[in-house]
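Colleague: Next comes the structure file my_file14.cif, holding mmCIF, C-alpha atoms.
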data_upload
loop_
_atom_site.label_atom_id
_atom_site.label_comp_id
_atom_site.auth_asym_id
_atom_site.auth_seq_id
_atom_site.Cartn_x
_atom_site.Cartn_y
_atom_site.Cartn_z
CA MET K 1274 17.90 -63.67 47.29
CA GLU K 1275 14.39 -64.84 46.36
CA VAL K 1276 12.23 -62.47 44.34
CA PRO K 1277 8.85 -62.03 46.06
CA ALA K 1278 5.86 -63.32 44.14
CA VAL K 1279 3.61 -60.44 43.14
CA ASN K 1280 0.21 -61.07 41.65
CA LEU K 1281 -0.37 -59.59 38.21
CA LYS K 1282 -3.88 -58.62 39.30
CA ALA K 1283 -2.37 -56.43 42.04
CA ILE K 1284 -0.07 -54.70 39.56
CA VAL K 1285 -2.94 -53.97 37.17
CA LEU K 1286 -5.22 -52.81 40.00
CA VAL K 1287 -2.63 -50.44 41.51
CA HIS K 1288 -1.79 -48.88 38.14
CA TRP K 1289 -5.49 -48.59 37.27
CA LEU K 1290 -6.18 -46.76 40.54
CA LEU K 1291 -3.18 -44.45 40.19
CA THR K 1292 -3.99 -43.70 36.53
CA THR K 1293 -7.60 -42.95 37.44
CA TRP K 1294 -6.47 -40.59 40.17
CA GLY K 1295 -3.90 -39.10 37.81
CA CYS K 1296 -6.68 -38.22 35.36
CA MET K 1297 -8.92 -36.49 37.96
CA ALA K 1298 -7.76 -33.00 37.05
CA PRO K 1299 -7.65 -31.94 33.39
CA TRP K 1300 -3.95 -31.10 33.25
CA LEU K 1301 -2.89 -33.97 30.97
CA PRO K 1302 -3.88 -34.45 27.31
CA ILE K 1303 -6.25 -37.23 26.30
CA SER K 1304 -3.34 -39.34 25.05
CA TYR K 1305 -2.25 -40.01 28.65
CA PRO K 1306 -5.38 -41.92 29.74
CA TRP K 1307 -5.73 -43.59 26.34
CA GLY K 1308 -2.17 -44.92 26.45
CA ASN K 1309 -2.24 -46.03 30.07
CA PHE K 1310 -5.70 -47.60 30.02
CA THR K 1311 -4.83 -49.45 26.80
CA ILE K 1312 -1.80 -50.96 28.50
CA LEU K 1313 -3.93 -51.86 31.49
CA ALA K 1314 -6.31 -53.65 29.10
CA LEU K 1315 -3.30 -55.68 27.95
CA GLY K 1316 -2.65 -56.41 31.62
CA VAL K 1317 -6.21 -57.71 31.99
CA TRP K 1318 -5.57 -59.91 28.94
CA ALA K 1319 -2.39 -61.22 30.59
CA VAL K 1320 -4.39 -62.01 33.75
CA ALA K 1321 -7.08 -63.83 31.75
CA GLN K 1322 -4.61 -65.81 29.62
CA ARG K 1323 -2.39 -67.29 32.31
CA ASP K 1324 -0.32 -69.38 29.89
CA SER K 1325 0.11 -66.79 27.15
CA ILE K 1326 3.63 -65.54 26.63
CA ASP K 1327 2.41 -62.98 24.09
CA ALA K 1328 0.00 -61.35 26.54
CA ILE K 1329 2.57 -60.80 29.28
CA LEU K 1330 5.21 -59.71 26.74
CA MET K 1331 2.88 -57.13 25.22
CA PHE K 1332 1.97 -55.88 28.71
CA LEU K 1333 5.67 -55.61 29.61
CA THR K 1334 6.50 -53.82 26.37
CA GLY K 1335 3.57 -51.46 26.86
CA LEU K 1336 4.69 -50.64 30.40
CA LEU K 1337 8.15 -49.83 29.10
CA LEU K 1338 6.70 -47.58 26.40
CA THR K 1339 4.40 -45.76 28.83
CA ILE K 1340 7.39 -44.93 31.00
CA LEU K 1341 8.75 -42.93 28.06
CA THR K 1342 5.41 -41.38 27.11
CA ASP K 1343 4.62 -40.45 30.73
CA ILE K 1344 7.94 -38.63 31.04
CA ILE K 1345 7.16 -36.72 27.84
CA HIS K 1346 3.62 -35.89 29.01
CA PHE K 1347 4.77 -34.66 32.41
CA SER K 1348 7.60 -32.57 31.00
CA LEU K 1349 5.35 -30.90 28.43
CA TYR K 1350 2.09 -30.46 30.35
CA TYR K 1351 2.98 -30.03 34.02
CA PRO K 1352 1.14 -26.89 35.12
CA PRO K 1353 2.98 -23.86 36.50
CA SER K 1354 3.00 -23.51 40.26
CA SER K 1355 0.57 -20.58 40.15
CA LEU K 1356 -2.11 -22.85 38.62
CA LEU K 1357 -1.66 -25.76 41.01
CA LEU K 1358 -4.92 -26.33 42.84
CA ASP K 1359 -5.23 -29.08 45.43
CA THR K 1360 -6.91 -31.49 43.02
CA THR K 1361 -4.31 -30.80 40.33
CA ARG K 1362 -1.50 -31.33 42.83
CA PHE K 1363 -3.07 -34.62 43.99
CA SER K 1364 -3.66 -35.73 40.40
CA ALA K 1365 -0.09 -34.90 39.40
CA GLY K 1366 1.29 -36.67 42.47
CA MET K 1367 -0.63 -39.88 41.70
CA ALA K 1368 0.42 -39.81 38.05
CA ILE K 1369 4.06 -39.32 39.06
CA PHE K 1370 3.75 -42.09 41.67
CA SER K 1371 2.41 -44.40 38.95
CA LEU K 1372 5.41 -43.50 36.80
CA LEU K 1373 7.79 -44.24 39.67
CA LEU K 1374 6.18 -47.68 40.23
CA LYS K 1375 6.35 -48.70 36.56
CA PRO K 1376 10.00 -49.87 36.57
CA LEU K 1377 9.23 -52.12 39.55
CA SER K 1378 6.12 -53.39 37.76
CA CYS K 1379 8.24 -54.06 34.67
CA PHE K 1380 10.63 -56.11 36.78
CA PHE K 1381 7.79 -58.24 38.16
CA ALA K 1382 6.16 -58.56 34.73
CA TYR K 1383 9.51 -59.73 33.34
CA GLN K 1384 9.72 -62.36 36.09
CA MET K 1385 6.23 -63.54 35.12
CA TYR K 1386 7.31 -63.62 31.48
CA ARG K 1387 10.21 -65.91 32.43
CA GLU K 1388 7.88 -68.12 34.52
CA ARG K 1389 5.55 -68.53 31.55
CA GLY K 1390 8.38 -69.84 29.41
CA GLY K 1391 9.79 -66.70 27.83
CA GLU K 1392 13.46 -66.50 26.94
CA TYR K 1393 16.06 -64.07 28.19
CA ALA K 1394 16.57 -62.77 24.67
CA PHE K 1395 13.56 -61.34 22.86
CA ASN K 1396 12.87 -62.62 19.37
CA LEU K 1397 11.76 -59.64 17.33
CA GLY K 1398 11.18 -61.55 14.11
CA VAL K 1399 13.74 -60.10 11.70
CA LEU K 1400 16.15 -59.15 14.46
CA ASN K 1401 17.25 -62.31 16.21
CA VAL K 1402 18.80 -61.50 19.55
CA GLY K 1403 20.28 -64.54 21.23
CA GLN K 1404 21.87 -67.81 20.27
CA ASP K 1405 20.97 -70.02 17.34
CA ARG K 1406 19.77 -73.31 18.80
CA SER K 1407 19.00 -75.11 15.53
CA SER K 1408 22.11 -77.32 15.73
CA TYR K 1409 21.78 -77.99 19.45
CA GLN K 1410 22.42 -81.57 20.58
CA PRO K 1411 21.85 -82.48 24.23
CA ILE K 1412 24.81 -84.00 26.04
CA ASP K 1413 22.85 -86.46 28.16
CA HIS K 1414 21.26 -88.19 25.10
CA PRO K 1415 23.80 -88.03 22.30
CA GLU K 1416 22.76 -89.42 18.96
CA PRO K 1417 25.20 -91.97 17.54
CA PRO K 1418 27.00 -90.91 14.39
CA ARG K 1419 25.65 -92.39 11.16
CA PRO K 1420 28.52 -93.19 8.82
CA TYR K 1421 26.28 -95.06 6.35
CA PRO K 1422 22.98 -93.95 4.87
CA ASP K 1423 19.81 -95.50 6.23
CA VAL K 1424 19.00 -98.43 3.91
CA ALA K 1425 15.42 -98.85 5.14
CA THR K 1426 14.33 -95.42 3.92
CA LYS K 1427 16.10 -95.71 0.58
CA ALA K 1428 13.87 -95.73 -2.48
CA PRO K 1429 13.76 -99.04 -4.45
CA PRO K 1430 15.78 -99.20 -7.66
CA PRO K 1431 13.93 -98.47 -10.90
CA PRO K 1432 12.48 -101.49 -12.77
CA PRO K 1433 14.64 -102.96 -15.53
CA TYR K 1434 13.72 -102.39 -19.18
#
Go ahead and render the structure in this file as C-alpha cells.

Modeller:
Amino acid sequence: MEVPAVNLKAIVLVHWLLTTWGCMAPWLPISYPWGNFTILALGVWAVAQRDSIDAILMFLTGLLLTILTDIIHFSLYYPPSSLLLDTTRFSAGMAIFSLLLKPLSCFFAYQMYRERGGEYAFNLGVLNVGQDRSSYQPIDHPEPPRPYPDVATKAPPPPPY
C-alpha cells in the first residue's frame, strides 16, 4: 500500500491553526503555546531547508515531545465542567484535535525524514542504535585481496653510511 504524499507546509499550517484556536481561551498555561509554536518554527525551518535531515528530525522529535507535554497540560489544566464556556469548550476541542493529529503528523514527518536520506535507526551520538557499517564491503564490487604490501607506496630505504 502506497503512503500518500503529504506536504510539510500543510502539516505545519494545520497545527498552527489548531494551536492558535487552542490558545483562544486562557485555560492553558503559557508553556503550551510556547512549546507548540516553537515546534512549529522548527517545522518552518524544515520547509525552508528541503534537503536538511537535521531540520526534519528536530521537527519530528519536537512533535513527539509535544504529544507528551500536551497530555500533561490537558490532564492538569482542563477546566471543570461548571467553568466550560463556549469559547473554552471550542478552544479545548481544537487543542485536543491537534493532539489527536500529532501521531499522524509524526508518521508523515518520519516518511519525509526517510525521503531526505535519514536512516531507520537514529544516531544519538553516544548511543549508537543500529548496525556498524565501518567494515562494509559491497558484493557487486568486491576488492581483490592483497596478500603482499603495496610496493609503490613503500618508503625508500635509508641512505647508506

Colleague: The PyMOL selection byres ((chain K and resi 1288-1291) around 12) on the file shown: which residues, as a compact mmCIF listing (two decimals) with C-alpha atoms, in the frame of the given file?

Modeller:
# COMPACT_ATOMS: atom_id res chain seq x y z
CA LEU K 1281 -0.37 -59.59 38.21
CA LYS K 1282 -3.88 -58.62 39.30
CA ALA K 1283 -2.37 -56.43 42.04
CA ILE K 1284 -0.07 -54.70 39.56
CA VAL K 1285 -2.94 -53.97 37.17
CA LEU K 1286 -5.22 -52.81 40.00
CA VAL K 1287 -2.63 -50.44 41.51
CA THR K 1292 -3.99 -43.70 36.53
CA THR K 1293 -7.60 -42.95 37.44
CA TRP K 1294 -6.47 -40.59 40.17
CA GLY K 1295 -3.90 -39.10 37.81
CA CYS K 1296 -6.68 -38.22 35.36
CA MET K 1297 -8.92 -36.49 37.96
CA PRO K 1306 -5.38 -41.92 29.74
CA GLY K 1308 -2.17 -44.92 26.45
CA ASN K 1309 -2.24 -46.03 30.07
CA PHE K 1310 -5.70 -47.60 30.02
CA THR K 1311 -4.83 -49.45 26.80
CA ILE K 1312 -1.80 -50.96 28.50
CA LEU K 1313 -3.93 -51.86 31.49
CA ALA K 1314 -6.31 -53.65 29.10
CA LEU K 1315 -3.30 -55.68 27.95
CA GLY K 1316 -2.65 -56.41 31.62
CA VAL K 1317 -6.21 -57.71 31.99
CA LEU K 1336 4.69 -50.64 30.40
CA THR K 1339 4.40 -45.76 28.83
CA PHE K 1363 -3.07 -34.62 43.99
CA SER K 1364 -3.66 -35.73 40.40
CA ALA K 1365 -0.09 -34.90 39.40
CA GLY K 1366 1.29 -36.67 42.47
CA MET K 1367 -0.63 -39.88 41.70
CA ALA K 1368 0.42 -39.81 38.05
CA ILE K 1369 4.06 -39.32 39.06
CA PHE K 1370 3.75 -42.09 41.67
CA SER K 1371 2.41 -44.40 38.95
CA LEU K 1372 5.41 -43.50 36.80
CA LEU K 1373 7.79 -44.24 39.67
CA LEU K 1374 6.18 -47.68 40.23
CA LYS K 1375 6.35 -48.70 36.56
CA PRO K 1376 10.00 -49.87 36.57
CA LEU K 1377 9.23 -52.12 39.55
CA SER K 1378 6.12 -53.39 37.76
CA CYS K 1379 8.24 -54.06 34.67

Colleague: Which is closer to K:Met1331 than all the others in K:Ile1344, K:Leu1301, K:Leu1358, K:Ala1382, using all atoms listed in the file?

Modeller: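 Result for the nearest residue to K:Met1331: K:Ala1382.
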
Colleague: Which residue, K:Gly1390, K:Asp1413, K:Pro1432, K:Ser1348, has the smallest gap to K:Ser1325 when you use all atoms listed in the file?

Modeller: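 Smallest separation from K:Ser1325 among the options: K:Gly1390.
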
Colleague: Just give me the gap between atom CA of K:Phe1332 and atom CA of K:Ser1304 in Å, one decimal is fine.

Modeller: 17.8 Å

Colleague: Work out how far atom CA of K:Phe1380 is from atom CA of K:Ile1326, in Å to one decimal.

Modeller: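 That distance, rounded to one decimal, is 15.5 Å.
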
Colleague: Please indicate the distance in Å from atom CA of K:Arg1389 to atom CA of K:Ala1319, rounded to one decimal place.

Modeller: 10.8 Å

Colleague: Given the choices K:Gly1391, K:Pro1353, K:Pro1299, K:Pro1430, which gets closest to K:Asp1327 if the distance is worked out from all atoms listed in the file?

Modeller: K:Gly1391

Colleague: Show me, as an MDAnalysis selection string, the residues that have an atom within 12 Å of K:Glu1388 when counting only C-alpha atoms, minus same-chain residues fewer than 4 positions from it.

Modeller: chainID K and resid 1278 1323:1326 1329:1330 1381:1384 1392:1393

Colleague: How would the residues just chosen look if you wrote them out with C-alpha atoms as a short mmCIF file (atom, residue, chain, number, x, y, z; two decimals), keeping the file's coordinate frame?

Modeller:
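Produced file part.cif, reproduced below:
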data_model
loop_
_atom_site.label_atom_id
_atom_site.label_comp_id
_atom_site.auth_asym_id
_atom_site.auth_seq_id
_atom_site.Cartn_x
_atom_site.Cartn_y
_atom_site.Cartn_z
CA ALA K 1278 5.86 -63.32 44.14
CA ARG K 1323 -2.39 -67.29 32.31
CA ASP K 1324 -0.32 -69.38 29.89
CA SER K 1325 0.11 -66.79 27.15
CA ILE K 1326 3.63 -65.54 26.63
CA ILE K 1329 2.57 -60.80 29.28
CA LEU K 1330 5.21 -59.71 26.74
CA PHE K 1381 7.79 -58.24 38.16
CA ALA K 1382 6.16 -58.56 34.73
CA TYR K 1383 9.51 -59.73 33.34
CA GLN K 1384 9.72 -62.36 36.09
CA GLU K 1392 13.46 -66.50 26.94
CA TYR K 1393 16.06 -64.07 28.19
#

Colleague: Would you please work out which residue, of K:Pro1302, K:Val1279, K:Tyr1434, K:Tyr1386, is nearest to K:Leu1333 when using all atoms listed in the file?

Modeller: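 Closest to K:Leu1333, using all atoms listed in the file: K:Tyr1386.
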
Colleague: Because some atoms of stretch 1335-1346 of chain K are absent here, can you restore all heavy atoms and send them as an mmCIF file, in the frame of the given file?

Modeller:
data_model
loop_
_atom_site.group_PDB
_atom_site.id
_atom_site.type_symbol
_atom_site.label_atom_id
_atom_site.label_comp_id
_atom_site.auth_asym_id
_atom_site.auth_seq_id
_atom_site.Cartn_x
_atom_site.Cartn_y
_atom_site.Cartn_z
ATOM 1 N N GLY K 1335 4.393 -52.655 26.693
ATOM 2 C CA GLY K 1335 3.570 -51.460 26.860
ATOM 3 C C GLY K 1335 3.940 -50.666 28.090
ATOM 4 O O GLY K 1335 3.953 -49.430 28.060
ATOM 5 N N LEU K 1336 4.239 -51.360 29.197
ATOM 6 C CA LEU K 1336 4.690 -50.640 30.400
ATOM 7 C C LEU K 1336 5.977 -49.877 30.136
ATOM 8 O O LEU K 1336 6.138 -48.729 30.575
ATOM 9 C CB LEU K 1336 4.888 -51.621 31.555
ATOM 10 C CG LEU K 1336 3.674 -52.021 32.365
ATOM 11 C CD1 LEU K 1336 4.054 -53.064 33.409
ATOM 12 C CD2 LEU K 1336 3.034 -50.834 33.032
ATOM 13 N N LEU K 1337 6.891 -50.505 29.418
ATOM 14 C CA LEU K 1337 8.150 -49.830 29.100
ATOM 15 C C LEU K 1337 7.906 -48.601 28.227
ATOM 16 O O LEU K 1337 8.537 -47.549 28.427
ATOM 17 C CB LEU K 1337 9.113 -50.793 28.412
ATOM 18 C CG LEU K 1337 9.688 -51.900 29.290
ATOM 19 C CD1 LEU K 1337 10.424 -52.936 28.451
ATOM 20 C CD2 LEU K 1337 10.601 -51.330 30.355
ATOM 21 N N LEU K 1338 6.999 -48.721 27.261
ATOM 22 C CA LEU K 1338 6.700 -47.580 26.400
ATOM 23 C C LEU K 1338 5.981 -46.457 27.153
ATOM 24 O O LEU K 1338 6.230 -45.277 26.893
ATOM 25 C CB LEU K 1338 5.864 -48.025 25.204
ATOM 26 C CG LEU K 1338 6.601 -48.832 24.156
ATOM 27 C CD1 LEU K 1338 5.636 -49.338 23.093
ATOM 28 C CD2 LEU K 1338 7.708 -48.015 23.518
ATOM 29 N N THR K 1339 5.099 -46.824 28.087
ATOM 30 C CA THR K 1339 4.400 -45.760 28.830
ATOM 31 C C THR K 1339 5.326 -45.047 29.797
ATOM 32 O O THR K 1339 5.021 -43.915 30.180
ATOM 33 C CB THR K 1339 3.181 -46.315 29.582
ATOM 34 O OG1 THR K 1339 3.571 -47.363 30.447
ATOM 35 C CG2 THR K 1339 2.095 -46.760 28.623
ATOM 36 N N ILE K 1340 6.407 -45.673 30.191
ATOM 37 C CA ILE K 1340 7.390 -44.930 31.000
ATOM 38 C C ILE K 1340 7.902 -43.747 30.183
ATOM 39 O O ILE K 1340 7.953 -42.604 30.667
ATOM 40 C CB ILE K 1340 8.548 -45.848 31.448
ATOM 41 C CG1 ILE K 1340 8.065 -46.857 32.482
ATOM 42 C CG2 ILE K 1340 9.702 -45.025 32.004
ATOM 43 C CD1 ILE K 1340 9.096 -47.899 32.853
ATOM 44 N N LEU K 1341 8.245 -43.999 28.935
ATOM 45 C CA LEU K 1341 8.750 -42.930 28.060
ATOM 46 C C LEU K 1341 7.667 -41.894 27.781
ATOM 47 O O LEU K 1341 7.909 -40.679 27.892
ATOM 48 C CB LEU K 1341 9.268 -43.531 26.757
ATOM 49 C CG LEU K 1341 9.764 -42.551 25.717
ATOM 50 C CD1 LEU K 1341 11.020 -41.856 26.205
ATOM 51 C CD2 LEU K 1341 10.010 -43.259 24.405
ATOM 52 N N THR K 1342 6.467 -42.344 27.438
ATOM 53 C CA THR K 1342 5.410 -41.380 27.110
ATOM 54 C C THR K 1342 4.960 -40.580 28.334
ATOM 55 O O THR K 1342 4.632 -39.397 28.210
ATOM 56 C CB THR K 1342 4.192 -42.076 26.469
ATOM 57 O OG1 THR K 1342 3.692 -43.061 27.361
ATOM 58 C CG2 THR K 1342 4.567 -42.707 25.138
ATOM 59 N N ASP K 1343 4.970 -41.194 29.515
ATOM 60 C CA ASP K 1343 4.620 -40.450 30.730
ATOM 61 C C ASP K 1343 5.632 -39.355 31.017
ATOM 62 O O ASP K 1343 5.256 -38.234 31.399
ATOM 63 C CB ASP K 1343 4.514 -41.383 31.929
ATOM 64 C CG ASP K 1343 3.268 -42.258 31.889
ATOM 65 O OD1 ASP K 1343 2.458 -42.109 30.958
ATOM 66 O OD2 ASP K 1343 3.120 -43.102 32.789
ATOM 67 N N ILE K 1344 6.898 -39.659 30.835
ATOM 68 C CA ILE K 1344 7.940 -38.630 31.040
ATOM 69 C C ILE K 1344 7.724 -37.471 30.076
ATOM 70 O O ILE K 1344 7.818 -36.293 30.458
ATOM 71 C CB ILE K 1344 9.342 -39.247 30.899
ATOM 72 C CG1 ILE K 1344 9.620 -40.210 32.052
ATOM 73 C CG2 ILE K 1344 10.410 -38.169 30.817
ATOM 74 C CD1 ILE K 1344 10.885 -41.027 31.884
ATOM 75 N N ILE K 1345 7.402 -37.783 28.832
ATOM 76 C CA ILE K 1345 7.160 -36.720 27.840
ATOM 77 C C ILE K 1345 5.913 -35.919 28.220
ATOM 78 O O ILE K 1345 5.930 -34.679 28.172
ATOM 79 C CB ILE K 1345 7.038 -37.331 26.428
ATOM 80 C CG1 ILE K 1345 8.399 -37.890 25.996
ATOM 81 C CG2 ILE K 1345 6.539 -36.304 25.429
ATOM 82 C CD1 ILE K 1345 8.356 -38.712 24.738
ATOM 83 N N HIS K 1346 4.839 -36.610 28.617
ATOM 84 C CA HIS K 1346 3.620 -35.890 29.010
ATOM 85 C C HIS K 1346 3.875 -34.964 30.196
ATOM 86 O O HIS K 1346 3.438 -33.805 30.186
ATOM 87 C CB HIS K 1346 2.511 -36.889 29.386
ATOM 88 C CG HIS K 1346 1.805 -37.477 28.221
ATOM 89 N ND1 HIS K 1346 1.811 -38.817 27.958
ATOM 90 C CD2 HIS K 1346 1.072 -36.914 27.240
ATOM 91 C CE1 HIS K 1346 1.109 -39.056 26.877
ATOM 92 N NE2 HIS K 1346 0.647 -37.919 26.421
#
